[in-house]
Amino acid sequence: MLVGDHLGRVETEALLEMGRLDGALMYCMGAPESIYAGLALRQTLIGALRQEGHAFTETRFQAWFAGLTTLSDDPSHKARPPRAVCEAILTELTHSAWPVLARTAASLISALLAPHDLQSPDAAVELHTVNAHARAMVDALGAAALTPLPALDALHHAVAQSTVFAAVERAEPALKLVRADMRSDPHQAPRWAVEMLYGSCLQSAGALHHPIPLVGLIRPDTAGDMEPGEARIIRAATLCEIMSTQLAMLAHASRQSKRAGALDTRSTSRAPDVLALLSGFGAMRSAQIERVLKATRLGVRGMVQLLLTAGEIEQTTVSGAHLYAVRTHPSDRLGITAPLEEAFSDDAMDEYDASMAQIDRLLNNAASLQR
């Protein structure tokens with residue numbers, strides 16, 4: 001297949017997935033939106049920490065966030081302190097133009113019980129500057145008012161030219177007498193700071209209903225001497241994959257919302273709120289649930305016991321403390337996506353189908369003009 005043909009197909013698929021996500025986001029509100037925001041924040045934090053060079057499992061992340069263990073058994077000396085990174089992300093996203101994401105980020109700051117890093121004060125200052133640079137870059141890209149695919153190329157060009165976000169190549173020391181173990185490697189380029197804000201550019205272009213974080217969008221391997229067509233294919237494929245993942249998260253949030261709503265509880269019970277919280281952000285200890293829901297210890301204990309008895313959550317013990325997580329059913333896994341029809345009302349699906357039909361017509365017209 002010719003590069004041009006392959007490029008056209010991949011870019012069309014990316015735009016279609018973005019259109020599907022945009023249509024789904026328009027009709028996502030209430031509990032599903034809150035759960036989705038929690039999933040998005042969790043994905044953003046984990047993605048940023050791994051981008052920094054921290055190695056950990058998702059289970060370890062939840063225990064670390066709850067203050068029960070270190071993030072890694074063998075911490076990376078090149079990575080920025082993990083708690084400082086999470087604080088910087090959550091603080092920045094409290095200013096998001098997506099109100100539900102902003103509220104969820106603010107509530108999770110209170111639930112961040114992870115151990116303090118020795119380098120946190122210095123790292124906090126650096127990360128504040130990093131976020132300021134990211135905001136400036138995203139604002140400039142948004143002001144250009146480009147459509148999604150040209151904007152994606154402009155994003156990569158801006159990152160490649162940046163002294164803050166461009167990938168740093170390790171240079172050999174000028175003096176060969178310097179021992180290898182004495183070299184000081186720089187931190188990883190904090191691309192996550194731009195990626196978590198870039199959704200605002202897509203929102204301002206009318207491509208997405210909410211400015212969702214998109215950690216993993218920037219592909220530094222497409223900079224340099226790569227053939228432009230191949231670079232665009234890789235970038236579009238990455239965009240398509242991220243949009244597909246977000247759609248899967250949205251469908252998962254809808255299923256979990258229905259599960260919480262189906263609980264047989266009294267009308268004043270907040271047990272569904274606990275289940276929704278754990279469905280979104282993942283495992284938490286009771287102290288975190290108390291802070292997020294602003295509930296009493298006794299109240300949370302009752303909600304948790306109700307959910308345990310109902311078989312909706314499970315309990316694990318880490319460092320002598322209990323972590324509570326949603327009991328996973330086979331169909332609840334993010335890799336198994338239920339049809340979007342299960343997530344929305346018939347009227348909403350009719351409007352969604354009409355929107356997708358319009359997108360198909362526009363893409364077909366664009367393809368005809370290019371021939």
# chains A, B, ... in the order shown; residues from 1 in each chain; ligands from 1
>>> residues_around(residues="stretch 122-133 of chain A", least_positions_apart="5", cutoff="12 Å", atoms="only C-alpha atoms", output="PDB file with C-alpha atoms, in the first residue's frame")
ATOM      1  CA  ALA A  79      12.564  10.442  37.514  1.00  0.00           C
ATOM      2  CA  ARG A  80      10.929  13.396  39.201  1.00  0.00           C
ATOM      3  CA  PRO A  81       9.456  12.648  42.652  1.00  0.00           C
ATOM      4  CA  PRO A  82       6.143  10.822  42.116  1.00  0.00           C
ATOM      5  CA  ARG A  83       4.077  12.642  44.726  1.00  0.00           C
ATOM      6  CA  ALA A  84       5.203  16.013  43.383  1.00  0.00           C
ATOM      7  CA  VAL A  85       4.229  14.946  39.851  1.00  0.00           C
ATOM      8  CA  CYS A  86       0.760  13.865  41.001  1.00  0.00           C
ATOM      9  CA  GLU A  87       0.244  17.053  42.987  1.00  0.00           C
ATOM     10  CA  ALA A  88       1.261  19.153  39.984  1.00  0.00           C
ATOM     11  CA  ILE A  89      -1.150  17.306  37.685  1.00  0.00           C
ATOM     12  CA  LEU A  90      -4.115  17.355  40.040  1.00  0.00           C
ATOM     13  CA  THR A  91      -3.579  21.009  40.948  1.00  0.00           C
ATOM     14  CA  GLU A  92      -3.370  22.014  37.298  1.00  0.00           C
ATOM     15  CA  LEU A  93      -6.498  20.087  36.375  1.00  0.00           C
ATOM     16  CA  HIS A  95      -8.578  24.658  36.655  1.00  0.00           C
ATOM     17  CA  HIS A 116       6.264  12.747  50.813  1.00  0.00           C
ATOM     18  CA  ASP A 117       9.358  12.873  48.631  1.00  0.00           C
ATOM     19  CA  VAL A 138      -1.262  24.898  24.408  1.00  0.00           C
ATOM     20  CA  ASP A 139      -2.689  28.436  24.410  1.00  0.00           C
ATOM     21  CA  ALA A 140      -0.563  29.308  21.382  1.00  0.00           C
ATOM     22  CA  ALA A 158       6.216  22.917  18.849  1.00  0.00           C
ATOM     23  CA  VAL A 159       7.371  20.157  21.201  1.00  0.00           C
ATOM     24  CA  SER A 162      10.871  23.395  22.897  1.00  0.00           C
ATOM     25  CA  THR A 163      13.753  23.529  25.345  1.00  0.00           C
ATOM     26  CA  VAL A 164      11.442  22.087  28.015  1.00  0.00           C
ATOM     27  CA  PHE A 165       9.519  19.320  26.268  1.00  0.00           C
ATOM     28  CA  HIS A 187      15.053  14.107  33.810  1.00  0.00           C
ATOM     29  CA  ALA A 189      11.086  15.493  29.074  1.00  0.00           C
ATOM     30  CA  PRO A 190       7.725  16.118  30.822  1.00  0.00           C
ATOM     31  CA  ARG A 191       5.549  15.758  27.719  1.00  0.00           C
ATOM     32  CA  TRP A 192       2.651  14.743  29.951  1.00  0.00           C
ATOM     33  CA  ALA A 193       2.252  18.392  30.998  1.00  0.00           C
ATOM     34  CA  VAL A 194       1.368  19.358  27.422  1.00  0.00           C
ATOM     35  CA  GLU A 195      -0.639  16.208  26.751  1.00  0.00           C
ATOM     36  CA  MET A 196      -2.905  16.655  29.765  1.00  0.00           C
ATOM     37  CA  LEU A 197      -3.869  20.153  28.555  1.00  0.00           C
TER      38      LEU A 197
END
>>> select_by_dssp(residues="stretch 255-324 of chain A", states="strand (DSSP E or B)", output="short mmCIF file (atom, residue, chain, number, x, y, z; two decimals) with C-alpha atoms, in the first residue's frame")
data_model
loop_
_atom_site.label_atom_id
_atom_site.label_comp_id
_atom_site.auth_asym_id
_atom_site.auth_seq_id
_atom_site.Cartn_x
_atom_site.Cartn_y
_atom_site.Cartn_z
CA MET A 284 -8.97 3.26 48.14
CA ILE A 313 -16.46 -4.68 46.37
CA GLU A 314 -13.58 -6.70 47.74
CA GLN A 315 -11.06 -6.02 50.48
CA THR A 316 -7.30 -6.50 50.44
CA THR A 317 -4.79 -5.75 53.18
CA VAL A 318 -1.59 -3.81 52.52
CA ALA A 321 -4.54 -1.33 56.23
CA HIS A 322 -7.57 -2.30 54.16
CA LEU A 323 -7.97 -1.28 50.53
CA TYR A 324 -11.40 -1.54 48.92
#
>>> residues_around(residues="A:Ser257", least_positions_apart="2", cutoff="12 Å", atoms="only C-alpha atoms", output="PyMOL selection string")
chain A and resi 28-36+250-255+259-263+272-280+332+342-344
>>> residues_around(residues="A:Ala207", least_positions_apart="2", cutoff="8 Å", atoms="only C-alpha atoms", output="PyMOL selection string")
chain A and resi 18-19+22+148+202-205+209
>>> atom_distance(atom1="atom CA of A:Ala102", atom2="atom CA of A:Leu239")
23.5 Å
>>> select_by_dssp(residues="stretch 18-126 of chain A", states="alpha helix (DSSP H)", output="ChimeraX atom specification")
/A:18-26,31-52,58-65,82-93,99-111,120-126
>>> residues_around(residues="A:Phe56", least_positions_apart="2", cutoff="9 Å", atoms="only C-alpha atoms", output="list in words")
Arg50, His54, Glu58, Thr59, Arg60, Phe61, Leu71, Ser72 and Asp73 of chain A
>>> write_last_selection(atoms="N, CA, C and O atoms", output="short mmCIF file (atom, residue, chain, number, x, y, z; two decimals), in the first residue's frame")
data_model
loop_
_atom_site.label_atom_id
_atom_site.label_comp_id
_atom_site.auth_asym_id
_atom_site.auth_seq_id
_atom_site.Cartn_x
_atom_site.Cartn_y
_atom_site.Cartn_z
N ARG A 50 4.78 6.88 34.57
CA ARG A 50 5.55 5.94 33.74
C ARG A 50 6.39 6.69 32.71
O ARG A 50 7.50 6.27 32.38
N HIS A 54 9.18 5.94 36.21
CA HIS A 54 8.84 5.10 37.36
C HIS A 54 8.28 3.77 36.87
O HIS A 54 7.45 3.74 35.95
N GLU A 58 -0.30 -1.25 38.37
CA GLU A 58 -1.44 -0.40 38.73
C GLU A 58 -1.89 -0.68 40.16
O GLU A 58 -2.33 0.23 40.87
N THR A 59 -1.78 -1.93 40.59
CA THR A 59 -2.12 -2.26 41.98
C THR A 59 -1.18 -1.55 42.94
O THR A 59 -1.61 -1.02 43.98
N ARG A 60 0.09 -1.51 42.59
CA ARG A 60 1.08 -0.82 43.43
C ARG A 60 0.78 0.68 43.47
O ARG A 60 0.94 1.33 44.50
N PHE A 61 0.35 1.24 42.34
CA PHE A 61 0.01 2.66 42.30
C PHE A 61 -1.10 2.98 43.30
O PHE A 61 -1.02 3.97 44.03
N LEU A 71 6.22 3.69 45.70
CA LEU A 71 5.70 3.43 44.36
C LEU A 71 6.47 2.30 43.69
O LEU A 71 5.89 1.50 42.96
N SER A 72 7.77 2.25 43.93
CA SER A 72 8.62 1.22 43.30
C SER A 72 9.58 0.66 44.34
O SER A 72 9.98 1.36 45.27
N ASP A 73 9.95 -0.59 44.15
CA ASP A 73 10.96 -1.18 45.03
C ASP A 73 12.34 -0.62 44.72
O ASP A 73 13.19 -0.51 45.60
#
>>> atom_distance(atom1="atom CA of A:Ala248", atom2="atom CA of A:Glu230")
27.1 Å
>>> atom_distance(atom1="atom CA of A:Ser269", atom2="atom CA of A:Leu307")
11.3 Å
>>> residues_around(residues="A:Gln246", least_positions_apart="4", cutoff="12 Å", atoms="only C-alpha atoms", output="VMD selection string")
chain A and resid 17 to 22 24 to 25 36 to 37 39 to 41 43 to 44 208 210 212 to 215 239 to 242 250 to 253 334 to 335 337
>>> closest_residue(among="A:Leu155, A:Ala111, A:Val100, A:Ala136", to="A:Glu290", atoms="only C-alpha atoms")
A:Ala111
